[in-house]
Amino acid sequence: MSSHDTRLPLSRRGFLLAGTAAAAALAVSPAPARAQTAAGRRPFGRFGSPAARLTPGTLYVDSRGRGDHTTVRDAVTAATGSGRTLVLAPGTYRETVAVDVTRTEATWIGASEDPRDVVIVYDNAAGTPKPGGGTYGTTGSATTTVQADGFTARWITFANDWLRADHPDITGTQAVALKVQGDRSAFHHCRFLGHQDTLYADSIALTSFARQYFSHCYTEGDVDFVFGRATAVHEHCHFRTLNRTDLAAAPYGFVFAPSTAGANPRGHLVTRSRVSSEAPDAFYKLARPWVPSSDTTARPSLVVRDTWLGPGIDAAAPYTNMSDAFPWQNQRFAEYRDTGPGARITVPENRPQLTSEQAESATRETYLGDWQPWKETC
């Protein structure tokens with residue numbers, strides 16, 4: 001999907017409303033008949049099969065039993081060491097998955113090359129009770145957690161379909177679709193679906209400056225739905241803010257909530273992307289800084305440049321505080337050459353802008369250094 005593609009993928013709500021039969025067929029929405037036929041004949045597309053492996057280290061996952069494993073979790077358990085590849089056949093994989101630090105340089109591929117066809121989804125929230133007592137917390141709510149360095153995913157949907165309306169008794173409403181902590185983590189043509197805290201771009205430790213790259217991805221949510229302390233570049237991506245019926249007034253939420261360590265010169269960079277909304281105009285803030293209690297020296301960093309901001313963003317006051325003790329004006333927020341109704345500068349002091357000279361270092365090359373994931377092919 002290009003940064004200006006107006007076609008919206010079916011949202012997580014559409015996924016939920018599609019019903020069990022549709023979800024069981026090919027994930028979020030039924031694929032065209034030709035694609036379904038091809039998937040039936042060749043569930044792993046052009047990426048081989050157990051009888052003709054892409055590489056000796058490749059494992060095939062298919063919920064219908066045509067691969068090496070029927071669940072992603074079992075395949076990850078089997079894929080020990082470094083440099084393993086998982087090829088996922090079309091299907092909905094309802095499970096939680098964790099890639100620990102020992103499973104480096106892993107690659108996951110959605111075999112149909114359409115992220116709508118391969119969905120990894122679960123429904124834990126921060127306040128969901130755990131077996132044996134306690135609750136999961138934000139980190140524990142993640143459907144998929146990636147701690148290993150060198151992880152790459154292509155054409156996969158990572159989702160958390162927990163809904164506030166279904167659990168009015170739960171106050172911990174953070175529900176993470178993906179938490180990624182490893183350095184050199186790349187996601188190409190992926191989708192991240194949730195409501196609060198959808199995409200957690202983090203690092204393994206406060207002193208670890210993990211680099212992450214998101215290219216041609218789609219992310220939707222409402223509260224802080226792209227957040228964390230990683231050095232994360234989002235290029236040619238689409239961010240979609242959801243409508244809310246549980247609130248009577250703005251703001252409905254916040255797109256970004258970086259928590260960059262004070263010692264890290266670079267946080268989140270959004271470039272050549274777009275932010276659209278299904279909510280009323282100006283009902284969303286572009287960002288607020290997250291200074292977690294575990295790191296009160298954090299100085300959240302976000303640059304949004306060359307990006308189209310739709311009318312859902314409050315142009316007059318696009319930033320706000322998460323805590324008045326850490327005002328957004330003291331953080332590292334800036335924009336450059338953004339367009340669209342949500343980018344109109346009506347109150348200049350509320351829209352910090354990079355100079356042309358500063359913008360020269362607000363690039364993927366500067367943020368990611370010697371790592372060039374945009375050159376990787378599959």
# chains A, B, ... in the order shown; residues from 1 in each chain; ligands from 1
call {"tool": "closest_atom_pairs", "arguments": {"of": "range 137-213 of chain A", "to": "range 81-86 of chain A", "cutoff": "12 Å", "atoms": "only C-alpha atoms", "output": "Markdown table"}}
result
| residue | atom | partner | partner_atom | distance |
| --- | --- | --- | --- | --- |
| A:Ala148 | CA | A:Ser82 | CA | 9.5 |
| A:Asp149 | CA | A:Ser82 | CA | 9.8 |
| A:Gly150 | CA | A:Gly83 | CA | 8.8 |
| A:Phe151 | CA | A:Gly83 | CA | 9.1 |
| A:Thr152 | CA | A:Thr85 | CA | 9.4 |
| A:Ala153 | CA | A:Leu86 | CA | 9.5 |
| A:Arg154 | CA | A:Leu86 | CA | 10.7 |
| A:Ile156 | CA | A:Leu86 | CA | 11.5 |
call {"tool": "closest_residue", "arguments": {"among": "A:Asp161, A:Glu105, A:Asp224, A:Asp100", "to": "Ile120 in chain A", "atoms": "only C-alpha atoms"}}
result
A:Asp161
call {"tool": "select_by_dssp", "arguments": {"residues": "range 18-266 of chain A", "states": "helix (DSSP H, G or I)", "output": "compact mmCIF listing (two decimals) with N, CA, C and O atoms, in the first residue's frame"}}
result
# COMPACT_ATOMS: atom_id res chain seq x y z
N GLY A 19 -17.60 -12.74 11.61
CA GLY A 19 -18.14 -13.97 12.15
C GLY A 19 -17.15 -15.12 12.08
O GLY A 19 -16.14 -15.07 11.40
N THR A 20 -17.47 -16.18 12.79
CA THR A 20 -16.56 -17.30 12.93
C THR A 20 -16.27 -17.97 11.60
O THR A 20 -15.13 -18.31 11.29
N ALA A 21 -17.28 -18.16 10.77
CA ALA A 21 -17.06 -18.88 9.51
C ALA A 21 -16.10 -18.13 8.61
O ALA A 21 -15.18 -18.69 8.03
N ALA A 22 -16.32 -16.82 8.50
CA ALA A 22 -15.44 -16.04 7.62
C ALA A 22 -14.03 -15.98 8.18
O ALA A 22 -13.05 -16.07 7.45
N ALA A 23 -13.94 -15.84 9.50
CA ALA A 23 -12.61 -15.75 10.11
C ALA A 23 -11.84 -17.05 9.92
O ALA A 23 -10.63 -17.05 9.73
N ALA A 24 -12.55 -18.14 9.97
CA ALA A 24 -11.88 -19.43 9.85
C ALA A 24 -11.40 -19.69 8.43
O ALA A 24 -10.51 -20.49 8.20
N ALA A 25 -12.00 -19.02 7.46
CA ALA A 25 -11.65 -19.28 6.07
C ALA A 25 -10.28 -18.73 5.72
O ALA A 25 -9.32 -19.49 5.59
N LEU A 26 -10.17 -17.43 5.59
CA LEU A 26 -8.87 -16.84 5.25
C LEU A 26 -8.65 -15.57 6.03
O LEU A 26 -8.49 -14.49 5.47
N ALA A 33 -11.73 -15.41 -5.35
CA ALA A 33 -11.84 -16.83 -5.63
C ALA A 33 -10.54 -17.40 -6.16
O ALA A 33 -10.12 -18.50 -5.79
N ARG A 34 -9.85 -16.65 -7.04
CA ARG A 34 -8.61 -17.14 -7.60
C ARG A 34 -7.57 -17.38 -6.52
O ARG A 34 -6.87 -18.38 -6.50
N ALA A 35 -7.49 -16.42 -5.55
CA ALA A 35 -6.53 -16.54 -4.46
C ALA A 35 -6.87 -17.74 -3.57
O ALA A 35 -5.99 -18.46 -3.12
N GLN A 36 -8.17 -17.95 -3.32
CA GLN A 36 -8.57 -19.07 -2.50
C GLN A 36 -8.21 -20.39 -3.18
O GLN A 36 -7.73 -21.32 -2.54
N THR A 37 -8.42 -20.45 -4.50
CA THR A 37 -8.09 -21.67 -5.23
C THR A 37 -6.60 -21.93 -5.19
O THR A 37 -6.14 -23.05 -4.96
N ALA A 38 -5.82 -20.85 -5.39
CA ALA A 38 -4.37 -21.00 -5.35
C ALA A 38 -3.91 -21.45 -3.97
O ALA A 38 -3.02 -22.29 -3.84
N ALA A 39 -4.52 -20.88 -2.92
CA ALA A 39 -4.14 -21.26 -1.57
C ALA A 39 -4.47 -22.72 -1.30
O ALA A 39 -3.75 -23.41 -0.57
N GLY A 40 -5.58 -23.19 -1.90
CA GLY A 40 -5.94 -24.58 -1.72
C GLY A 40 -4.95 -25.53 -2.35
O GLY A 40 -4.61 -26.58 -1.81
N ARG A 41 -4.44 -25.14 -3.54
CA ARG A 41 -3.47 -25.98 -4.23
C ARG A 41 -2.07 -25.84 -3.64
O ARG A 41 -1.34 -26.80 -3.50
N VAL A 72 1.74 -21.28 15.12
CA VAL A 72 2.96 -20.49 15.05
C VAL A 72 3.81 -20.75 16.28
O VAL A 72 5.04 -20.86 16.20
N ARG A 73 3.18 -20.89 17.42
CA ARG A 73 3.93 -21.11 18.67
C ARG A 73 4.75 -22.39 18.59
O ARG A 73 5.93 -22.41 18.98
N ASP A 74 4.16 -23.46 18.09
CA ASP A 74 4.91 -24.72 17.98
C ASP A 74 6.07 -24.58 17.00
O ASP A 74 7.16 -25.14 17.22
N ALA A 75 5.86 -23.83 15.92
CA ALA A 75 6.94 -23.64 14.95
C ALA A 75 8.08 -22.84 15.55
O ALA A 75 9.26 -23.14 15.32
N VAL A 76 7.75 -21.82 16.34
CA VAL A 76 8.79 -21.02 17.00
C VAL A 76 9.58 -21.89 17.98
O VAL A 76 10.81 -21.81 18.06
N THR A 77 8.89 -22.74 18.72
CA THR A 77 9.58 -23.64 19.65
C THR A 77 10.55 -24.54 18.91
O THR A 77 11.67 -24.79 19.38
N ALA A 78 10.15 -25.01 17.74
CA ALA A 78 11.01 -25.90 16.97
C ALA A 78 12.15 -25.17 16.27
O ALA A 78 13.20 -25.76 16.00
N PRO A 115 -1.36 -9.39 3.68
CA PRO A 115 -1.44 -9.50 5.13
C PRO A 115 -2.84 -9.80 5.66
O PRO A 115 -2.98 -10.25 6.80
N ARG A 116 -3.87 -9.56 4.85
CA ARG A 116 -5.22 -9.85 5.31
C ARG A 116 -5.47 -11.35 5.42
O ARG A 116 -6.42 -11.79 6.07
N ASP A 117 -4.62 -12.15 4.80
CA ASP A 117 -4.85 -13.59 4.75
C ASP A 117 -4.22 -14.34 5.92
O ASP A 117 -4.60 -15.48 6.19
N GLY A 137 -0.97 -7.29 32.75
CA GLY A 137 -0.22 -6.07 32.55
C GLY A 137 -0.07 -5.76 31.07
O GLY A 137 -0.40 -6.59 30.21
N THR A 138 0.42 -4.57 30.77
CA THR A 138 0.52 -4.16 29.36
C THR A 138 1.42 -5.11 28.57
O THR A 138 1.03 -5.60 27.50
N THR A 139 2.62 -5.37 29.06
CA THR A 139 3.55 -6.25 28.33
C THR A 139 2.97 -7.64 28.17
O THR A 139 3.04 -8.23 27.08
N GLY A 140 2.38 -8.17 29.23
CA GLY A 140 1.83 -9.52 29.17
C GLY A 140 0.61 -9.65 28.28
O GLY A 140 0.23 -10.77 27.91
N ARG A 164 -13.27 -3.22 24.91
CA ARG A 164 -13.74 -2.66 26.19
C ARG A 164 -15.20 -3.00 26.45
O ARG A 164 -15.58 -3.32 27.58
N ALA A 165 -16.01 -2.94 25.40
CA ALA A 165 -17.45 -3.15 25.58
C ALA A 165 -17.77 -4.55 26.10
O ALA A 165 -18.79 -4.75 26.77
N ASP A 166 -16.91 -5.52 25.79
CA ASP A 166 -17.14 -6.89 26.25
C ASP A 166 -16.70 -7.12 27.68
O ASP A 166 -17.02 -8.15 28.28
call {"tool": "closest_residue", "arguments": {"among": "A:Ala175, A:Val226, A:Ala186, A:Val119", "to": "Leu199 in chain A", "atoms": "only C-alpha atoms"}}
result
A:Val226
call {"tool": "residues_around", "arguments": {"residues": "Ala98 in chain A", "least_positions_apart": "5", "cutoff": "6 Å", "atoms": "only C-alpha atoms", "output": "list in words"}}
result
Thr144, Thr145 and Val146 of chain A
call {"tool": "residues_around", "arguments": {"residues": "Leu242 in chain A", "least_positions_apart": "5", "cutoff": "12 Å", "atoms": "only C-alpha atoms", "output": "ChimeraX atom specification"}}
result
/A:11-13,193-196,198,219-225,251-255,275-281,283-284,312-313
call {"tool": "write_last_selection", "arguments": {"atoms": "C-alpha atoms", "output": "PDB file, in the first residue's frame"}}
result
ATOM      1  CA  SER A  11     -10.428  -3.080  10.096  1.00  0.00           C
ATOM      2  CA  ARG A  12     -10.301  -5.244  13.204  1.00  0.00           C
ATOM      3  CA  ARG A  13     -13.958  -4.431  13.757  1.00  0.00           C
ATOM      4  CA  LEU A 193      -4.843  -4.093  14.699  1.00  0.00           C
ATOM      5  CA  GLY A 194      -6.081  -3.163  18.146  1.00  0.00           C
ATOM      6  CA  HIS A 195      -7.471  -0.294  20.197  1.00  0.00           C
ATOM      7  CA  GLN A 196      -5.240   0.876  23.053  1.00  0.00           C
ATOM      8  CA  THR A 198      -1.672  -1.651  19.530  1.00  0.00           C
ATOM      9  CA  THR A 219      -1.790   0.392  12.123  1.00  0.00           C
ATOM     10  CA  GLU A 220      -5.104   1.220  13.762  1.00  0.00           C
ATOM     11  CA  GLY A 221      -6.256   2.024  17.269  1.00  0.00           C
ATOM     12  CA  ASP A 222      -7.365   4.777  19.621  1.00  0.00           C
ATOM     13  CA  VAL A 223      -5.235   5.413  22.740  1.00  0.00           C
ATOM     14  CA  ASP A 224      -1.422   5.627  22.367  1.00  0.00           C
ATOM     15  CA  PHE A 225      -1.619   2.995  19.698  1.00  0.00           C
ATOM     16  CA  PRO A 251     -10.163  13.697  22.623  1.00  0.00           C
ATOM     17  CA  TYR A 252     -10.869  10.101  21.714  1.00  0.00           C
ATOM     18  CA  GLY A 253      -7.204   9.253  21.830  1.00  0.00           C
ATOM     19  CA  PHE A 254      -3.643   9.735  20.656  1.00  0.00           C
ATOM     20  CA  VAL A 255      -1.779   8.224  17.731  1.00  0.00           C
ATOM     21  CA  VAL A 275      -3.030   9.478   9.215  1.00  0.00           C
ATOM     22  CA  SER A 276      -6.727   8.967   8.547  1.00  0.00           C
ATOM     23  CA  SER A 277      -9.713   8.625  10.870  1.00  0.00           C
ATOM     24  CA  GLU A 278     -13.189   7.192  11.165  1.00  0.00           C
ATOM     25  CA  ALA A 279     -13.867   9.524  14.122  1.00  0.00           C
ATOM     26  CA  PRO A 280     -15.251  13.081  13.946  1.00  0.00           C
ATOM     27  CA  ASP A 281     -12.935  15.850  12.836  1.00  0.00           C
ATOM     28  CA  PHE A 283     -11.199  14.290  17.882  1.00  0.00           C
ATOM     29  CA  TYR A 284      -7.649  12.897  17.997  1.00  0.00           C
ATOM     30  CA  GLY A 312      -9.306  13.636  12.486  1.00  0.00           C
ATOM     31  CA  ILE A 313      -6.210  15.301  13.959  1.00  0.00           C
TER      32      ILE A 313
END
call {"tool": "residues_around", "arguments": {"residues": "Ala230 in chain A", "least_positions_apart": "5", "cutoff": "6 Å", "atoms": "only C-alpha atoms", "output": "NGL selection string"}}
result
:A and (201-203 or 210)
call {"tool": "residues_around", "arguments": {"residues": "Ser293 in chain A", "least_positions_apart": "2", "cutoff": "12 Å", "atoms": "only C-alpha atoms", "output": "VMD selection string"}}
result
chain A and resid 259 290 to 291 295 to 298 323 325 to 326
call {"tool": "write_last_selection", "arguments": {"atoms": "N, CA and C atoms", "output": "short mmCIF file (atom, residue, chain, number, x, y, z; two decimals), in the first residue's frame"}}
result
data_model
loop_
_atom_site.label_atom_id
_atom_site.label_comp_id
_atom_site.auth_asym_id
_atom_site.auth_seq_id
_atom_site.Cartn_x
_atom_site.Cartn_y
_atom_site.Cartn_z
N SER A 259 8.40 7.02 24.25
CA SER A 259 8.99 7.08 25.59
C SER A 259 10.51 6.99 25.49
N TRP A 290 5.12 9.87 26.68
CA TRP A 290 5.01 8.91 27.76
C TRP A 290 6.35 8.88 28.50
N VAL A 291 6.34 9.35 29.73
CA VAL A 291 7.51 9.26 30.61
C VAL A 291 7.16 8.23 31.68
N ASP A 295 11.41 5.11 34.12
CA ASP A 295 12.46 5.95 33.54
C ASP A 295 11.97 7.39 33.48
N THR A 296 12.04 8.06 34.62
CA THR A 296 11.55 9.44 34.67
C THR A 296 12.50 10.42 34.00
N THR A 297 13.66 9.94 33.52
CA THR A 297 14.57 10.80 32.76
C THR A 297 14.31 10.72 31.26
N ALA A 298 13.30 9.97 30.86
CA ALA A 298 12.99 9.84 29.43
C ALA A 298 12.65 11.20 28.83
N SER A 323 1.16 13.46 31.48
CA SER A 323 1.29 13.90 32.86
C SER A 323 1.76 15.34 32.86
N ALA A 325 3.46 16.76 34.90
CA ALA A 325 4.83 16.84 35.39
C ALA A 325 5.85 16.78 34.26
N PHE A 326 5.41 16.31 33.09
CA PHE A 326 6.29 16.19 31.93
C PHE A 326 5.60 16.81 30.71
#
call {"tool": "residues_around", "arguments": {"residues": "Asn124 in chain A", "least_positions_apart": "5", "cutoff": "9 Å", "atoms": "only C-alpha atoms", "output": "list in words"}}
result
Pro129, Tyr136, Gly140, Ser141, Ala142, Thr143, Asn160, Asp161, Trp162, Gln174, Ala175 and Val176 of chain A
call {"tool": "write_last_selection", "arguments": {"atoms": "N, CA and C atoms", "output": "PDB file, in the first residue's frame"}}
result
ATOM      1  N   PRO A 129      -7.486 -11.230  34.025  1.00  0.00           N
ATOM      2  CA  PRO A 129      -6.945 -12.086  35.090  1.00  0.00           C
ATOM      3  C   PRO A 129      -6.091 -13.217  34.517  1.00  0.00           C
ATOM      4  N   TYR A 136      -2.356  -9.609  33.521  1.00  0.00           N
ATOM      5  CA  TYR A 136      -1.269  -9.707  32.550  1.00  0.00           C
ATOM      6  C   TYR A 136      -0.401  -8.457  32.481  1.00  0.00           C
ATOM      7  N   GLY A 140       2.380  -8.175  29.232  1.00  0.00           N
ATOM      8  CA  GLY A 140       1.831  -9.522  29.166  1.00  0.00           C
ATOM      9  C   GLY A 140       0.612  -9.654  28.279  1.00  0.00           C
ATOM     10  N   SER A 141      -0.013  -8.530  27.919  1.00  0.00           N
ATOM     11  CA  SER A 141      -1.204  -8.595  27.074  1.00  0.00           C
ATOM     12  C   SER A 141      -0.869  -8.854  25.606  1.00  0.00           C
ATOM     13  N   ALA A 142       0.401  -8.743  25.228  1.00  0.00           N
ATOM     14  CA  ALA A 142       0.776  -8.804  23.815  1.00  0.00           C
ATOM     15  C   ALA A 142       0.433 -10.150  23.184  1.00  0.00           C
ATOM     16  N   THR A 143      -0.193 -10.081  22.024  1.00  0.00           N
ATOM     17  CA  THR A 143      -0.443 -11.301  21.258  1.00  0.00           C
ATOM     18  C   THR A 143       0.869 -11.901  20.785  1.00  0.00           C
ATOM     19  N   ASN A 160      -4.907  -7.775  18.252  1.00  0.00           N
ATOM     20  CA  ASN A 160      -5.451  -8.042  19.579  1.00  0.00           C
ATOM     21  C   ASN A 160      -6.912  -7.620  19.520  1.00  0.00           C
ATOM     22  N   ASP A 161      -7.823  -8.582  19.622  1.00  0.00           N
ATOM     23  CA  ASP A 161      -9.243  -8.264  19.432  1.00  0.00           C
ATOM     24  C   ASP A 161     -10.014  -8.155  20.749  1.00  0.00           C
ATOM     25  N   TRP A 162      -9.312  -7.791  21.818  1.00  0.00           N
ATOM     26  CA  TRP A 162      -9.981  -7.501  23.087  1.00  0.00           C
ATOM     27  C   TRP A 162     -10.752  -6.201  22.947  1.00  0.00           C
ATOM     28  N   GLN A 174      -5.310  -1.605  28.196  1.00  0.00           N
ATOM     29  CA  GLN A 174      -4.228  -1.751  27.223  1.00  0.00           C
ATOM     30  C   GLN A 174      -4.250  -3.176  26.669  1.00  0.00           C
ATOM     31  N   ALA A 175      -4.162  -3.300  25.354  1.00  0.00           N
ATOM     32  CA  ALA A 175      -4.243  -4.622  24.722  1.00  0.00           C
ATOM     33  C   ALA A 175      -3.328  -4.622  23.501  1.00  0.00           C
ATOM     34  N   VAL A 176      -2.117  -5.114  23.684  1.00  0.00           N
ATOM     35  CA  VAL A 176      -1.056  -4.998  22.681  1.00  0.00           C
ATOM     36  C   VAL A 176      -1.192  -6.091  21.624  1.00  0.00           C
TER      37      VAL A 176
END
call {"tool": "closest_residue", "arguments": {"among": "A:Arg272, A:Arg94, A:Arg351, A:Arg66", "to": "Phe44 in chain A", "atoms": "only C-alpha atoms"}}
result
A:Arg66
call {"tool": "decode", "arguments": {"residues": "range 118-141 of chain A", "atoms": "C-alpha atoms", "output": "PDB file, in the first residue's frame"}}
result
ATOM      1  CA  VAL A 118      -2.526 -14.426   7.664  1.00  0.00           C
ATOM      2  CA  VAL A 119      -3.655 -13.235  11.106  1.00  0.00           C
ATOM      3  CA  ILE A 120      -2.057 -13.906  14.482  1.00  0.00           C
ATOM      4  CA  VAL A 121      -4.597 -12.783  17.076  1.00  0.00           C
ATOM      5  CA  TYR A 122      -5.509 -13.123  20.751  1.00  0.00           C
ATOM      6  CA  ASP A 123      -7.580 -11.166  23.269  1.00  0.00           C
ATOM      7  CA  ASN A 124      -5.650 -10.490  26.462  1.00  0.00           C
ATOM      8  CA  ALA A 125      -5.690  -7.019  28.038  1.00  0.00           C
ATOM      9  CA  ALA A 126      -3.563  -5.569  30.805  1.00  0.00           C
ATOM     10  CA  GLY A 127      -6.390  -6.155  33.278  1.00  0.00           C
ATOM     11  CA  THR A 128      -7.255  -9.679  32.145  1.00  0.00           C
ATOM     12  CA  PRO A 129      -6.945 -12.086  35.090  1.00  0.00           C
ATOM     13  CA  LYS A 130      -4.108 -14.576  34.785  1.00  0.00           C
ATOM     14  CA  PRO A 131      -4.506 -18.230  35.709  1.00  0.00           C
ATOM     15  CA  GLY A 132      -3.195 -18.531  39.228  1.00  0.00           C
ATOM     16  CA  GLY A 133      -3.779 -14.885  40.131  1.00  0.00           C
ATOM     17  CA  GLY A 134      -2.854 -11.385  39.120  1.00  0.00           C
ATOM     18  CA  THR A 135      -3.324  -9.740  35.735  1.00  0.00           C
ATOM     19  CA  TYR A 136      -1.269  -9.707  32.550  1.00  0.00           C
ATOM     20  CA  GLY A 137      -0.219  -6.070  32.554  1.00  0.00           C
ATOM     21  CA  THR A 138       0.522  -4.164  29.365  1.00  0.00           C
ATOM     22  CA  THR A 139       3.547  -6.246  28.329  1.00  0.00           C
ATOM     23  CA  GLY A 140       1.831  -9.522  29.166  1.00  0.00           C
ATOM     24  CA  SER A 141      -1.204  -8.595  27.074  1.00  0.00           C
TER      25      SER A 141
END
